[in-house]
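Student: Please find one structure pasted underneath; my questions will follow.
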Amino acid sequence: MTEKEMIQKNIEEFSRLQDYMLVSEKNSPAYKLMKIRYADLKAILTSAGINLTDIDRIKE
């Protein structure tokens, strides 16, 4: 898998995860687990030089 493909995969996962988070209760166990993955993906994408300003809908 190329770096471009990996970045695309992570952006798609980040977007999908945010959709799930937006419809979940913030104090649920599932949301808490999603928030951990959300932070992981933010770190991965930021380190790849991706500007999350426009694609981050959660803003936590």
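Chain identifiers are assigned as A, B, and so on, following the order in which chains appear in the structure tokens; residues are numbered from 1 within each chain, and ligands are numbered from 1 in order of appearance.
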Compile the contact shell of Asp19 (chain A) as a PyMOL selection string: residues with an atom at most 12 Å away, counting only C-alpha atoms, same-chain residues fewer than 4 positions apart removed.

Tutor: chain A and resi 12-15+23-24+31+34+38+55-58

Student: Have a look at CA of Lys4 (chain A) and CA of Asp54 (chain A) and let me know their distance in Å, one decimal.

Tutor: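 Calculated distance between CA of Lys4 (chain A) and CA of Asp54 (chain A) is 18.9 Å.
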
Student: Can you list, as number ranges by chain, every protein, DNA or RNA residue that comes within 8 Å of region 43-45 of chain A when you count only C-alpha atoms, leaving out same-chain residues fewer than 5 positions away?

Tutor: A: 7, 10-11, 50-52

Student: Output the selection as a CSV table (one decimal), in the first residue's frame - C-alpha atoms for each residue.

Tutor:
```csv
chain,number,residue,atom,x,y,z
A,7,ILE,CA,-3.6,8.5,3.9
A,10,ASN,CA,-7.2,7.0,7.2
A,11,ILE,CA,-9.1,10.1,6.0
A,50,ILE,CA,-3.0,16.7,6.7
A,51,ASN,CA,-4.8,19.9,7.7
A,52,LEU,CA,-7.8,18.8,9.7
```

Student: What does the distance from CA of Lys35 (chain A) to CA of Glu60 (chain A) come to in Å, to one decimal?

Tutor: 8.8 Å

Student: So the first atom is CA of Glu3 (chain A) and the second is CA of Met21 (chain A); what is the distance between them in Å, to one decimal place?

Tutor: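 Computing the Euclidean distance for CA of Glu3 (chain A) and CA of Met21 (chain A) yields 26.6 Å.
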